[in-house]
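Chemist: Structure: final04.cif, mmCIF, C-alpha atoms.
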data_model
loop_
_atom_site.label_atom_id
_atom_site.label_comp_id
_atom_site.auth_asym_id
_atom_site.auth_seq_id
_atom_site.Cartn_x
_atom_site.Cartn_y
_atom_site.Cartn_z
CA MET A 1 0.00 0.00 0.00
CA ILE A 2 1.07 3.56 -0.68
CA GLY A 3 -0.14 5.48 2.36
CA PRO A 4 -1.92 8.81 2.40
CA SER A 5 1.19 10.85 3.16
CA ILE A 6 3.42 9.15 0.58
CA VAL A 7 4.33 10.89 -2.69
CA ILE A 8 5.99 8.89 -5.45
CA LYS A 9 7.38 10.40 -8.63
CA GLY A 10 8.56 7.90 -11.21
CA GLU A 11 7.59 4.42 -12.38
CA VAL A 12 5.88 1.88 -10.13
CA THR A 13 6.25 -1.76 -11.19
CA GLY A 14 5.80 -5.08 -9.43
CA GLU A 15 4.00 -8.39 -9.19
CA GLU A 16 1.49 -7.83 -6.44
CA ASP A 17 -1.72 -5.92 -5.93
CA LEU A 18 -1.39 -2.28 -4.96
CA LEU A 19 -3.60 0.12 -3.01
CA ILE A 20 -2.79 3.80 -3.47
CA GLN A 21 -3.99 6.17 -0.76
CA GLY A 22 -1.30 8.76 -1.46
CA ARG A 23 -0.03 10.50 -4.56
CA VAL A 24 1.72 8.97 -7.56
CA GLU A 25 3.11 10.89 -10.53
CA GLY A 26 4.65 9.04 -13.47
CA LYS A 27 3.74 5.52 -14.58
CA ILE A 28 2.20 2.47 -12.93
CA ASN A 29 2.80 -0.91 -14.55
CA LEU A 30 1.35 -3.88 -12.68
CA ASN A 31 0.25 -5.85 -15.69
CA GLY A 32 -0.83 -9.03 -13.93
CA ASN A 33 -2.30 -7.49 -10.81
CA GLN A 34 -4.92 -5.18 -9.41
CA VAL A 35 -4.39 -1.49 -8.76
CA SER A 36 -6.86 0.23 -6.43
CA ILE A 37 -6.86 3.96 -5.94
CA GLY A 38 -8.39 4.76 -2.57
CA GLU A 39 -10.60 7.75 -1.85
CA SER A 40 -7.62 9.81 -0.74
CA GLY A 41 -5.49 8.61 -3.65
CA GLU A 42 -4.36 10.99 -6.37
CA VAL A 43 -2.70 9.58 -9.45
CA TYR A 44 -1.21 11.65 -12.25
CA ALA A 45 0.05 8.75 -14.28
CA ASP A 46 -0.74 6.27 -16.98
CA ILE A 47 -1.82 2.99 -15.38
CA LYS A 48 -1.50 -0.53 -16.76
CA ALA A 49 -2.89 -3.41 -14.69
CA LYS A 50 -5.15 -6.42 -14.88
CA VAL A 51 -7.93 -4.83 -12.84
CA ILE A 52 -8.07 -1.15 -11.94
CA GLN A 53 -10.50 0.15 -9.33
CA ILE A 54 -10.71 3.89 -8.86
CA ASN A 55 -12.23 5.45 -5.76
CA GLY A 56 -10.04 8.56 -5.85
CA LYS A 57 -8.68 10.85 -8.54
CA VAL A 58 -6.82 9.82 -11.69
CA THR A 59 -5.47 11.99 -14.46
CA GLY A 60 -3.89 9.84 -17.12
CA ASP A 61 -4.56 7.01 -19.52
CA ILE A 62 -5.78 3.72 -18.09
CA ASN A 63 -5.25 0.30 -19.60
CA GLY A 64 -7.06 -2.49 -17.75
CA HIS A 65 -6.37 -5.90 -19.26
CA GLU A 66 -9.48 -7.32 -17.62
CA LYS A 67 -11.63 -4.60 -16.12
CA VAL A 68 -11.78 -0.97 -15.01
CA ILE A 69 -14.18 0.15 -12.31
CA ILE A 70 -14.79 3.80 -11.48
CA SER A 71 -16.57 3.93 -8.14
CA LYS A 72 -19.03 6.57 -7.01
CA SER A 73 -16.25 8.63 -5.42
CA GLY A 74 -13.96 8.20 -8.43
CA ASN A 75 -12.92 11.02 -10.70
CA VAL A 76 -11.09 10.18 -13.92
CA HIS A 77 -9.75 12.43 -16.64
CA GLY A 78 -8.15 10.37 -19.37
CA ASN A 79 -8.67 7.63 -21.88
CA ILE A 80 -9.59 4.10 -20.86
CA ILE A 81 -8.85 0.90 -22.73
CA ALA A 82 -10.36 -2.26 -21.25
CA PRO A 83 -12.61 -5.16 -22.24
CA ARG A 84 -15.09 -4.06 -19.56
CA VAL A 85 -15.63 -0.71 -17.92
CA THR A 86 -18.04 -0.07 -15.08
CA LEU A 87 -19.06 3.40 -14.03
CA GLU A 88 -20.88 3.60 -10.74
CA ASP A 89 -23.54 6.19 -9.95
CA GLY A 90 -21.85 9.45 -9.04
CA ALA A 91 -18.56 8.64 -10.75
CA MET A 92 -17.00 11.48 -12.73
CA PHE A 93 -15.41 10.67 -16.07
CA LYS A 94 -14.00 12.82 -18.83
CA GLY A 95 -12.34 11.25 -21.84
CA SER A 96 -12.79 8.25 -24.07
CA ILE A 97 -13.54 4.59 -23.41
CA ASP A 98 -12.33 1.85 -25.74
CA MET A 99 -14.06 -1.45 -24.97
CA ASP A 100 -13.89 -4.85 -26.58
CA PRO A 101 -16.14 -7.32 -24.77
CA ALA A 102 -14.80 -10.18 -26.86
CA GLU A 103 -11.56 -9.88 -24.93
CA ALA A 104 -13.40 -10.23 -21.64
CA GLY A 105 -14.20 -13.86 -22.33
CA ALA A 106 -17.53 -15.57 -21.81
CA GLY A 107 -20.46 -14.21 -19.93
CA ARG A 108 -21.40 -11.19 -22.04
CA THR A 109 -24.14 -10.96 -24.60
CA PRO A 110 -22.72 -10.04 -27.98
CA ALA A 111 -24.27 -7.13 -29.78
CA ALA A 112 -25.78 -9.40 -32.36
CA ALA A 113 -27.77 -11.17 -29.66
CA GLN A 114 -29.45 -8.01 -28.45
CA PRO A 115 -33.07 -7.31 -29.41
CA SER A 116 -33.02 -6.57 -33.09
CA ALA A 117 -33.53 -3.05 -34.30
CA PRO A 118 -36.24 -2.29 -36.85
CA GLN A 119 -35.22 -1.70 -40.44
CA LEU A 120 -35.04 1.89 -41.51
CA LYS A 121 -37.23 2.13 -44.58
CA ALA A 122 -38.72 5.58 -44.74
CA SER A 123 -36.76 8.50 -46.03
CA GLY A 124 -37.63 12.09 -45.28
CA LEU A 125 -39.55 13.56 -42.41
CA ASP A 126 -41.84 11.03 -40.84
CA LEU A 127 -43.72 12.70 -38.03
CA LYS A 128 -45.37 10.31 -35.66
CA SER A 129 -47.31 10.87 -32.51
CA VAL A 130 -46.43 8.72 -29.54
CA MET B 1 -29.36 10.96 -5.62
CA PRO B 2 -31.20 12.28 -8.71
CA LYS B 3 -34.33 10.47 -9.77
CA ILE B 4 -33.87 8.21 -12.78
CA THR B 5 -36.75 7.60 -15.15
CA THR B 6 -36.98 5.57 -18.31
CA GLN B 7 -38.20 6.97 -21.61
CA THR B 8 -38.93 4.66 -24.48
CA SER B 9 -37.42 5.61 -27.82
CA LYS B 10 -38.65 4.61 -31.24
CA LEU B 11 -35.61 5.99 -33.00
CA LEU B 12 -32.76 4.77 -30.83
CA PRO B 13 -32.88 1.24 -32.32
CA TYR B 14 -32.15 2.62 -35.78
CA LEU B 15 -28.77 3.82 -34.58
CA PHE B 16 -27.71 0.28 -33.92
CA GLN B 17 -29.39 -1.71 -36.65
CA HIS B 18 -26.44 -1.77 -39.00
CA LEU B 19 -23.72 -2.25 -36.43
CA ASP B 20 -21.51 -5.21 -36.97
CA ALA B 21 -20.59 -7.01 -33.76
CA GLU B 22 -17.18 -7.71 -35.26
CA GLN B 23 -16.41 -4.07 -35.97
CA THR B 24 -15.72 -1.24 -33.60
CA VAL B 25 -18.44 1.38 -33.37
CA THR B 26 -17.18 4.87 -32.63
CA VAL B 27 -19.54 7.12 -30.71
CA PHE B 28 -19.57 10.85 -30.09
CA HIS B 29 -21.53 11.46 -26.91
CA VAL B 30 -22.39 15.00 -25.89
CA GLY B 31 -22.70 15.29 -22.15
CA SER B 32 -21.68 13.42 -19.05
CA ALA B 33 -21.00 9.70 -19.12
CA LEU B 34 -23.75 7.86 -17.29
CA PRO B 35 -23.31 4.38 -15.83
CA GLU B 36 -26.12 2.85 -17.87
CA THR B 37 -24.71 4.21 -21.14
CA VAL B 38 -21.30 2.71 -20.48
CA ASP B 39 -22.94 -0.54 -19.44
CA PHE B 40 -25.06 -0.61 -22.60
CA PHE B 41 -22.04 -0.11 -24.84
CA SER B 42 -20.08 -2.76 -23.00
CA ASN B 43 -22.00 -5.20 -25.18
CA TYR B 44 -20.31 -3.74 -28.22
CA ARG B 45 -16.81 -3.46 -29.48
CA CYS B 46 -16.74 0.31 -29.22
CA LYS B 47 -14.89 3.53 -28.67
CA LEU B 48 -16.85 6.19 -26.80
CA TYR B 49 -15.91 9.85 -26.69
CA PHE B 50 -17.67 11.71 -23.89
CA ILE B 51 -17.45 15.44 -24.41
CA ASP B 52 -19.49 17.52 -22.03
CA VAL B 53 -20.41 20.49 -24.18
CA PHE B 54 -23.19 21.35 -21.72
CA SER B 55 -20.66 22.31 -19.08
CA ALA B 56 -19.12 24.79 -21.54
CA LEU B 57 -22.38 26.61 -22.27
CA PRO B 58 -23.03 29.28 -23.27
CA ILE B 59 -21.12 28.86 -26.50
CA VAL B 60 -21.53 32.12 -28.39
CA SER B 61 -19.34 34.60 -30.19
CA ASP B 62 -17.34 36.69 -27.76
CA GLU B 63 -16.01 39.68 -29.67
CA GLU B 64 -14.14 41.12 -26.68
CA ALA B 65 -12.24 37.89 -26.17
CA GLY B 66 -11.97 37.37 -29.92
CA SER B 67 -13.44 33.88 -29.51
CA THR B 68 -15.81 32.31 -31.97
CA PRO B 69 -18.02 29.24 -31.43
CA ALA B 70 -15.83 27.36 -33.91
CA GLN B 71 -12.74 28.05 -31.79
CA GLN B 72 -14.56 27.04 -28.63
CA PHE B 73 -15.65 23.74 -30.18
CA GLN B 74 -12.16 23.11 -31.51
CA GLU B 75 -10.86 23.38 -27.95
CA LEU B 76 -13.54 21.08 -26.59
CA LEU B 77 -13.33 18.35 -29.22
CA HIS B 78 -9.97 16.76 -28.70
CA VAL B 79 -10.16 13.61 -30.79
CA PRO B 80 -7.48 11.96 -32.91
CA ALA B 81 -7.45 13.22 -36.48
CA ASP B 82 -8.34 9.82 -37.93
CA THR B 83 -11.41 9.32 -35.71
CA VAL B 84 -14.64 8.76 -37.63
CA PHE B 85 -17.88 8.67 -35.68
CA ASP B 86 -20.51 6.13 -36.64
CA VAL B 87 -23.02 7.45 -34.12
CA CYS B 88 -23.47 10.90 -32.59
CA LEU B 89 -25.62 11.38 -29.52
CA PHE B 90 -26.44 15.07 -29.34
CA TRP B 91 -29.41 14.68 -26.97
CA ASP B 92 -30.97 18.13 -26.51
CA LEU B 93 -27.83 20.21 -27.16
CA PHE B 94 -29.28 21.99 -30.20
CA ASN B 95 -31.90 23.59 -27.95
CA PHE B 96 -29.10 25.41 -26.15
CA LEU B 97 -27.09 26.63 -29.15
CA ASP B 98 -27.83 29.42 -31.57
CA ALA B 99 -27.74 28.81 -35.30
CA GLU B 100 -24.13 29.98 -35.65
CA SER B 101 -23.00 27.64 -32.89
CA ILE B 102 -24.82 24.62 -34.33
CA LYS B 103 -23.16 25.25 -37.69
CA ALA B 104 -19.80 25.66 -35.97
CA LEU B 105 -20.21 22.39 -34.08
CA LEU B 106 -21.11 20.48 -37.22
CA ALA B 107 -18.24 22.09 -39.13
CA VAL B 108 -15.78 20.95 -36.46
CA LEU B 109 -17.31 17.48 -36.48
CA HIS B 110 -17.40 17.25 -40.26
CA PRO B 111 -13.93 15.70 -40.72
CA HIS B 112 -14.93 13.03 -38.21
CA LEU B 113 -18.14 11.97 -39.92
CA ARG B 114 -18.75 9.73 -42.88
CA LYS B 115 -21.61 9.30 -45.29
CA GLY B 116 -24.13 7.22 -43.36
CA SER B 117 -23.13 8.35 -39.88
CA LEU B 118 -26.25 8.53 -37.73
CA ALA B 119 -27.18 10.92 -34.98
CA HIS B 120 -29.85 11.25 -32.33
CA ALA B 121 -31.16 14.55 -31.05
CA PHE B 122 -34.09 16.17 -29.33
CA SER B 123 -35.75 19.24 -30.77
CA VAL B 124 -39.14 20.88 -30.39
CA HIS B 125 -42.33 20.87 -32.38
CA ASN B 126 -43.31 24.19 -30.84
CA ARG B 127 -40.75 26.78 -29.77
CA ASN B 128 -42.75 27.38 -26.60
CA ALA B 129 -42.00 23.86 -25.45
CA PRO B 130 -40.79 24.03 -21.85
CA GLN B 131 -37.12 23.56 -21.06
CA GLN B 132 -36.12 20.05 -20.05
CA ASN B 133 -33.19 19.90 -17.68
CA ASN B 134 -32.02 16.35 -18.00
CA PHE B 135 -29.06 14.14 -18.49
CA TYR B 136 -29.73 11.37 -20.99
CA GLY B 137 -28.29 7.91 -21.18
CA ILE B 138 -29.06 4.62 -22.89
CA GLN B 139 -30.84 2.09 -20.72
CA GLN B 140 -31.38 -0.44 -23.47
CA ILE B 141 -31.66 -0.49 -27.22
CA ASP B 142 -35.12 1.10 -27.21
CA ALA B 143 -35.11 3.01 -23.94
CA LEU B 144 -33.34 6.05 -22.57
CA SER B 145 -32.55 6.84 -18.98
CA VAL B 146 -33.42 10.36 -17.90
CA ARG B 147 -31.90 12.02 -14.86
CA GLY B 148 -32.75 15.51 -13.68
CA ARG B 149 -29.99 18.09 -13.67
CA GLN B 150 -29.50 20.09 -10.49
CA THR B 151 -28.46 23.16 -12.48
CA PRO B 152 -30.30 23.93 -15.72
CA PRO B 153 -28.03 24.63 -18.70
CA PRO B 154 -28.15 28.27 -19.81
CA CYS B 155 -29.39 29.74 -23.07
CA TYR B 156 -32.44 27.59 -23.75
CA ALA B 157 -33.71 28.84 -27.10
CA PRO B 158 -35.08 25.99 -29.19
CA HIS B 159 -35.32 26.30 -32.93
CA SER B 160 -38.31 25.67 -35.11
CA GLN B 161 -38.10 22.55 -37.25
CA ARG B 162 -37.51 24.68 -40.32
CA GLU B 163 -34.71 26.66 -38.67
CA LEU B 164 -33.03 23.59 -37.30
CA THR B 165 -33.22 21.70 -40.57
CA ALA B 166 -31.63 24.68 -42.30
CA VAL B 167 -28.57 24.72 -40.03
CA LEU B 168 -27.95 20.98 -39.81
CA ASP B 169 -25.27 21.15 -42.47
CA GLY B 170 -24.67 17.78 -44.02
CA PHE B 171 -27.32 16.04 -41.95
CA HIS B 172 -30.72 14.99 -43.19
CA VAL B 173 -33.63 14.51 -40.79
CA GLU B 174 -34.32 10.88 -41.55
CA ARG B 175 -37.13 10.38 -39.09
CA SER B 176 -38.79 12.30 -36.30
CA VAL B 177 -41.20 11.35 -33.58
CA LEU B 178 -43.47 13.71 -31.70
CA LEU B 179 -43.06 13.43 -27.94
CA PRO B 180 -45.11 14.87 -25.07
CA ASP B 181 -44.62 18.58 -24.28
CA SER B 182 -44.25 19.43 -27.96
CA ARG B 183 -40.83 17.87 -28.13
CA LEU B 184 -39.38 15.96 -31.05
CA GLU B 185 -37.00 13.07 -31.19
CA LEU B 186 -34.85 13.17 -34.32
CA LEU B 187 -32.86 10.62 -36.24
CA LEU B 188 -30.26 12.35 -38.41
CA LEU B 189 -28.39 10.83 -41.32
CA LYS B 190 -25.11 12.21 -42.64
CA LEU B 191 -25.35 12.67 -46.38
#
Any chance you could give the structure as structure tokens?

Modeler:
Amino acid sequence: MIGPSIVIKGEVTGEEDLLIQGRVEGKINLNGNQVSIGESGEVYADIKAKVIQINGKVTGDINGHEKVIISKSGNVHGNIIAPRVTLEDGAMFKGSIDMDPAEAGAGRTPAAAQPSAPQLKASGLDLKSV
Amino acid sequence: MPKITTQTSKLLPYLFQHLDAEQTVTVFHVGSALPETVDFFSNYRCKLYFIDVFSALPIVSDEEAGSTPAQQFQELLHVPADTVFDVCLFWDLFNFLDAESIKALLAVLHPHLRKGSLAHAFSVHNRNAPQQNNFYGIQQIDALSVRGRQTPPPCYAPHSQRELTAVLDGFHVERSVLLPDSRLELLLLKL
């Protein structure tokens, strides 16, 4: 764990899960593990990890090989790449999200299996009352 | 916690009818990212750009600052040059922009659109339609989630259908559906 009073500038790497309650500036590479940013955590860094859970503040690009979760207290400004992204009610997010559910493995309904959309036939203004 | 309601949509399904599950769909979403929207798109191979233009309102010419709507949109829309949007979700933004600003937005978007890009928007059937202060999201393929805003966006001045159609450069109103409170739901097609 990186405690609330700790400030790290540079690259963080390793092979274990990490909880950040303090401040990190630079890069975080924990490709096979989980990174959690606690409510008091502030990260100004690009993050690569298997699972990334954000309860605090992150400015930077986020690459979650399995999943990214932005909790209700989370605030993210950056671009996210992950097979699955979950935004909880109250979470703040600014940026882009690049998702590919096929990479997340089984358990998701592919787009083609969703209720089918009607065919668009009419052209021009088609005013309908509902 | 703001109240969340569901609003059915007859036009939303058209946005997704041609999407290929094997191809990435690129979406331009005006406004805050809502949990249900992200969850909905997690079924797709997709790239979502959330750009909260509402928080930048009013977007108007500022002669003193020498700032035009086009410059303001350029600053807001930071997307890679090769990005092409398949779907644009404008929600009710056009009701809060004047004609010059709508044209400026579409001009800035133009390099990122292709023939056949689709867009969803809300307009009005009657310019006296009351202001709606909502965030919109996608609950499911034919239903929107609607959450009340705590602070109404400024500059509500909806356009008549004729006015709006005239400034939607490059977009054709493919279909429209009359909603309660003299509102319109629009499906736009890039020509």

Chemist: Taking the file as shown, find all residues satisfying the PyMOL selection byres ((chain B) within 7 of (chain A)) and write them as an MDAnalysis selection string.

Modeler: chainID B and resid 13:14 16:17 21 33 35 38:39 42:50 173:179

Chemist: Which residues are close to stretch 89-94 of chain B, i.e. within 7 Å by only C-alpha atoms, leaving aside same-chain residues fewer than 6 positions away? Reply as a list in words.

Modeler: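 Counting only the stated atoms, we get Phe28, His29, Val30, Ile102, Ala119, His120, Ala121, Phe122, Ser123 and Tyr136 of chain B.
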
Chemist: Determine the nearest neighbour of A:Met1 from the options A:Asn31, A:Asn55, A:Gln21, A:Asn63, counting only C-alpha atoms.

Modeler: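 So, comparing all the options, the nearest one is A:Gln21.
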
Chemist: Ranking B:Ile141, B:Val167, B:Ala65, B:Cys155 by minimum distance to B:Phe40 and counting all atoms listed in the file, which one comes first?

Modeler: B:Ile141

Chemist: Looking at all atoms listed in the file, which of A:Gly41, A:Asp61, A:Ile54, A:Ile6 is the one that sits closest to A:Gly74?

Modeler: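 The answer is A:Ile54, which sits nearest to A:Gly74.
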
Chemist: Could you spell out the hits of the PyMOL selection byres ((chain B and resi 74) around 12) on the shown file, as an MDAnalysis selection string?

Modeler: chainID B and resid 51 53 59 67:73 75:79 101 104:111

Chemist: Take atom CA of A:Val68 and atom CA of A:Gly56 and report the distance between them in Å, one decimal.

Modeler: 13.3 Å

Chemist: When the PyMOL selection byres ((chain B and resi 81-85) around 7) is applied to the structure above, which residues does it catch, written out as a CSV table (one decimal) with C-alpha atoms, in the frame of the given file?

Modeler:
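Generated output (selection.csv):
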chain,number,residue,atom,x,y,z
B,26,THR,CA,-17.2,4.9,-32.6
B,27,VAL,CA,-19.5,7.1,-30.7
B,28,PHE,CA,-19.6,10.8,-30.1
B,79,VAL,CA,-10.2,13.6,-30.8
B,80,PRO,CA,-7.5,12.0,-32.9
B,86,ASP,CA,-20.5,6.1,-36.6
B,87,VAL,CA,-23.0,7.4,-34.1
B,88,CYS,CA,-23.5,10.9,-32.6
B,112,HIS,CA,-14.9,13.0,-38.2
B,113,LEU,CA,-18.1,12.0,-39.9
B,114,ARG,CA,-18.8,9.7,-42.9
B,117,SER,CA,-23.1,8.4,-39.9

Chemist: Rounded to one decimal, what separation in Å do you get between atom CA of A:Thr59 and atom CA of A:Ile47?

Modeler: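 That distance, rounded to one decimal, is 9.8 Å.
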
Chemist: Can you work out which one of B:Arg147, B:Lys103, B:Lys10, B:His18 has the shortest atom-to-atom distance to B:Thr165, counting only C-alpha atoms?

Modeler: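 Smallest separation from B:Thr165 among the options: B:Lys103.
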
Chemist: When you draw a straight line from atom CA of A:Pro4 to atom CA of A:Val35, how long is it in Å?

Modeler: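 Spanning atom CA of A:Pro4 to atom CA of A:Val35 is a straight-line distance of 15.4 Å.
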
Chemist: Could you check which of A:His77, A:Lys9, A:Lys57, A:Lys72 is closest to A:Gly38, using all atoms listed in the file?

Modeler: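 Answer, going by the shortest atom-to-atom distance: A:Lys57.
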
Chemist: Please determine, counting only C-alpha atoms, which residue among A:Leu18, A:Ile2, A:Ile69, A:Val7 has the shortest atom-to-atom distance to A:Asn33.

Modeler: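 Between A:Leu18, A:Ile2, A:Ile69, A:Val7, the residue approaching A:Asn33 most closely is A:Leu18.
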
Chemist: Report, as JSON, the centre and edge lengths in Å (one decimal) of the axis-aligned box enclosing every listed atom of stretch 107-125 of chain B, padded by 3 Å on each side.

Modeler:
{"center_x": -28.1, "center_y": 14.7, "center_z": -37.3, "size_x": 34.4, "size_y": 20.9, "size_z": 22.0}
